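Input: a single structure, listed below in C-alpha cells.
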Amino acid sequence: MSGSTIIFYLLAALTLVSALLAVTTRMIFRAAIYLLFSLIGIAGIYFWLQYEFIAAVQIVVYVGGIVVLIIFSIFLTQQAGEQMPKQKLGRQLFSALAAFCGLALVLIQLAQHAFVETNGKLIEPTVANIGNQMLGVNDGGYALPFEVVSILLLAALIGCIVIALKSKPETT
Amino acid sequence: MIEPGLYHMLFISATLFFIGVYGFFTRRNLVTMLMSVELILNSVNLNFIAFNKYLWYDKLDGLFFTIFIIAIAAAEAAVAIAIIINLYRSHKSIDVENAEDLKY
C-alpha cells in the first residue's frame, strides 16, 4: 500500500463524511461549511487524478463562488443560531430507504458491468491541450458550446439582476 | 486496501449522488435543497472525470463536459439564489411548505 492510496482513501472519506453531515445537520450554517469541505475533497480527488485544471476550476467556481453565494443567502434569509425544525421521522425513513435502494441498484449494476478500455494514445489533460480543443473549430472542437455557454452566463447574469431587483412602488 | 481505480471513483460518485438525493428529499429549506443539488452535480462531474481518466484517456471530452457542467451549475446557483431572496422578500420564509401559491 503506497502513500498515494492512503491519500485517496482520506480524500474519499473527507468527501463522503462531510457530504453526509451537510445533508443531515440541523444548523444551516454548519451545513454550508460541511458542503465546503466536501467540495474541497472533490477538488483533492481531481488533484489526485492529476486533472489539475479541473481541480483549480472546482476550487475557484465552487468553493470560491457558489459556497460564498450560499453563505450570503443564508445570512440574508435566516435568523442567526436558529436550528431548522426537525423533520418527520417517516419522511426521513422513507427518503433514506429510497436513496439506499437507488444506491444498491447502481452498485449492483456496477459490480456486474465490465468496462472496456480504449486503446488509443494518451492525451495529457494539460492546459495547452484543453485550450486548443476548447477553442478549436475543427472536428472535435468545442468553440460553439463555449459561445453558447457564454450567452447562457450573460442571460443568467441579466436574469439574476431582474429577479432580485426591488420592485418600485407603482407611480400613477 | 487495494489500489484505487475506476470502480472506487464510481463508488464515491454514486454514494455522493444518493447522499444528495437523500438531502433533496428530506430538506424543506430552499437553500439546503440547493446545496443537495450541488452535491448531485458534483457527483456527475466526478463520474465524467473518472471515465475520461480510466477508460477514454485518448480524448478530452469528459473533461469538457465537466467544465460546461461547472459553468452551468454556477449560473443555476446564481439564478436560484436570486429567486430564493425574492421569495424571502415576499413571504418572509424560504421554507417550501410556505411557497405554495402556485399549488392549486
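If you're wondering about the labels, chains in the C-alpha cells are A, B, ... by order shown, residues count from 1 in each chain, ligands from 1 in order shown.
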
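Every protein, DNA or RNA residue with an atom at most 10 Å from Trp56 (chain B), where only C-alpha atoms count and chain neighbours fewer than 2 positions away do not, is listed here: Val116, Glu117, Thr118, Asn119, Gly120, Lys121, Leu122 and Ile123 of chain A; Ile49, Ala50, Phe51, Asn52, Lys53, Tyr54, Asp58, Lys59, Leu60, Asp61 and Gly62 of chain B.
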
Q.
Would you mind listing, as a VMD selection string, all residues of chain B that have at least one atom within 7 Å of chain A, where only C-alpha atoms are what counts?
A. chain B and resid 3 to 4 12 14 to 16 18 to 19 21 to 23 25 to 26 36 55 to 59 74 to 75 77 to 79 81 to 83 85 to 86 88

Q) Can you list, as a ChimeraX atom specification, every residue of region 21-138 of chain A that DSSP puts in helix (DSSP H, G or I)? A) /A:21-24,28-48,52-77,89-112,127-134

Next, the residues of the selection above should be written as a JSON list (two decimals), in the first residue's frame with C-alpha atoms.
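Wrote result-v7.json, looks like this:
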```
[["chain", "number", "residue", "atom", "x", "y", "z"],
["A", 21, "LEU", "CA", -23.08, 15.79, 7.52],
["A", 22, "ALA", "CA", -24.08, 18.58, 5.12],
["A", 23, "VAL", "CA", -27.42, 16.93, 4.40],
["A", 24, "THR", "CA", -28.14, 15.79, 7.96],
["A", 28, "ILE", "CA", -27.92, 25.60, 8.29],
["A", 29, "PHE", "CA", -24.63, 27.47, 8.52],
["A", 30, "ARG", "CA", -22.79, 24.30, 9.52],
["A", 31, "ALA", "CA", -24.38, 22.56, 6.54],
["A", 32, "ALA", "CA", -22.81, 25.19, 4.26],
["A", 33, "ILE", "CA", -19.40, 24.70, 5.87],
["A", 34, "TYR", "CA", -19.64, 20.90, 5.54],
["A", 35, "LEU", "CA", -20.58, 21.38, 1.89],
["A", 36, "LEU", "CA", -17.43, 23.50, 1.54],
["A", 37, "PHE", "CA", -15.28, 20.66, 2.88],
["A", 38, "SER", "CA", -16.99, 18.15, 0.64],
["A", 39, "LEU", "CA", -16.28, 20.27, -2.43],
["A", 40, "ILE", "CA", -12.65, 20.70, -1.33],
["A", 41, "GLY", "CA", -12.42, 16.92, -1.00],
["A", 42, "ILE", "CA", -13.67, 16.52, -4.56],
["A", 43, "ALA", "CA", -11.10, 19.08, -5.74],
["A", 44, "GLY", "CA", -8.49, 16.99, -3.93],
["A", 45, "ILE", "CA", -9.65, 13.90, -5.79],
["A", 46, "TYR", "CA", -9.23, 15.80, -9.07],
["A", 47, "PHE", "CA", -5.71, 16.72, -7.99],
["A", 48, "TRP", "CA", -5.09, 13.09, -7.12],
["A", 52, "GLU", "CA", -5.07, 19.97, -12.17],
["A", 53, "PHE", "CA", -7.04, 22.34, -14.37],
["A", 54, "ILE", "CA", -10.39, 20.87, -13.35],
["A", 55, "ALA", "CA", -9.31, 20.93, -9.71],
["A", 56, "ALA", "CA", -8.43, 24.61, -9.99],
["A", 57, "VAL", "CA", -11.75, 25.36, -11.70],
["A", 58, "GLN", "CA", -13.57, 23.40, -8.99],
["A", 59, "ILE", "CA", -11.91, 25.43, -6.24],
["A", 60, "VAL", "CA", -12.42, 28.77, -7.98],
["A", 61, "VAL", "CA", -16.03, 28.26, -9.05],
["A", 62, "TYR", "CA", -17.50, 26.02, -6.36],
["A", 63, "VAL", "CA", -15.51, 26.82, -3.24],
["A", 64, "GLY", "CA", -14.86, 30.45, -4.09],
["A", 65, "GLY", "CA", -18.11, 31.23, -5.84],
["A", 66, "ILE", "CA", -21.09, 29.06, -5.14],
["A", 67, "VAL", "CA", -20.44, 28.36, -1.46],
["A", 68, "VAL", "CA", -19.81, 32.05, -0.79],
["A", 69, "LEU", "CA", -23.08, 32.83, -2.58],
["A", 70, "ILE", "CA", -24.90, 30.23, -0.47],
["A", 71, "ILE", "CA", -23.42, 31.62, 2.75],
["A", 72, "PHE", "CA", -24.53, 35.12, 1.72],
["A", 73, "SER", "CA", -28.04, 33.93, 1.06],
["A", 74, "ILE", "CA", -28.09, 32.17, 4.46],
["A", 75, "PHE", "CA", -27.09, 35.44, 6.11],
["A", 76, "LEU", "CA", -29.82, 37.27, 4.23],
["A", 77, "THR", "CA", -32.63, 34.83, 4.91],
["A", 89, "LEU", "CA", -39.38, 10.53, 11.20],
["A", 90, "GLY", "CA", -41.46, 8.85, 8.49],
["A", 91, "ARG", "CA", -40.20, 11.20, 5.82],
["A", 92, "GLN", "CA", -36.59, 10.69, 6.89],
["A", 93, "LEU", "CA", -37.05, 6.94, 6.96],
["A", 94, "PHE", "CA", -38.61, 6.70, 3.51],
["A", 95, "SER", "CA", -36.10, 9.13, 1.99],
["A", 96, "ALA", "CA", -33.25, 7.06, 3.41],
["A", 97, "LEU", "CA", -34.89, 3.90, 2.11],
["A", 98, "ALA", "CA", -35.35, 5.37, -1.39],
["A", 99, "ALA", "CA", -31.77, 6.65, -1.52],
["A", 100, "PHE", "CA", -30.39, 3.37, -0.21],
["A", 101, "CYS", "CA", -32.38, 1.29, -2.72],
["A", 102, "GLY", "CA", -31.18, 3.51, -5.56],
["A", 103, "LEU", "CA", -27.59, 3.22, -4.37],
["A", 104, "ALA", "CA", -27.86, -0.56, -4.06],
["A", 105, "LEU", "CA", -29.29, -0.80, -7.59],
["A", 106, "VAL", "CA", -26.49, 1.31, -9.04],
["A", 107, "LEU", "CA", -23.77, -0.58, -7.15],
["A", 108, "ILE", "CA", -25.14, -3.96, -8.23],
["A", 109, "GLN", "CA", -25.15, -2.77, -11.84],
["A", 110, "LEU", "CA", -21.58, -1.50, -11.41],
["A", 111, "ALA", "CA", -20.37, -4.79, -9.99],
["A", 112, "GLN", "CA", -21.85, -6.73, -12.90],
["A", 127, "VAL", "CA", -3.92, 23.49, -20.20],
["A", 128, "ALA", "CA", -2.43, 23.73, -23.71],
["A", 129, "ASN", "CA", -4.32, 20.68, -24.95],
["A", 130, "ILE", "CA", -7.54, 21.79, -23.25],
["A", 131, "GLY", "CA", -7.29, 25.29, -24.69],
["A", 132, "ASN", "CA", -6.56, 24.09, -28.21],
["A", 133, "GLN", "CA", -9.57, 21.80, -28.24],
["A", 134, "MET", "CA", -11.84, 24.20, -26.34]]
```

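Minimum atom-to-atom distances from B:Asn29, B:Leu41, B:Met9, B:Ile72 to Asp95 (chain B) were compared using only C-alpha atoms, and the lowest value belongs to B:Asn29.
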
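Here CA of Ser13 (chain B) stands at a distance of 18.7 Å from CA of Met33 (chain B).
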
Leu87 (chain B) surroundings by only C-alpha atoms, 8 Å radius, close-in-sequence under 6 positions cut, as a short mmCIF file (atom, residue, chain, number, x, y, z; two decimals) with N, CA and C atoms, in the first residue's frame:
```
data_model
loop_
_atom_site.label_atom_id
_atom_site.label_comp_id
_atom_site.auth_asym_id
_atom_site.auth_seq_id
_atom_site.Cartn_x
_atom_site.Cartn_y
_atom_site.Cartn_z
N SER B 93 -40.04 33.87 4.41
CA SER B 93 -39.68 32.49 4.75
C SER B 93 -39.16 31.83 3.48
N ILE B 94 -38.20 30.91 3.62
CA ILE B 94 -37.76 30.18 2.44
C ILE B 94 -38.05 28.71 2.60
N ALA B 99 -44.25 28.11 0.33
CA ALA B 99 -44.24 28.63 -1.04
C ALA B 99 -45.18 27.81 -1.88
#
```

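Counting from CA of Ile70 (chain B), the distance to CA of Glu38 (chain B) is 9.8 Å.
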
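Among the candidates B:Gly5, B:Arg28, B:Gly20, B:Leu10, the residue lying nearest to Asn98 (chain B) is B:Arg28 (atoms considered: only C-alpha atoms).
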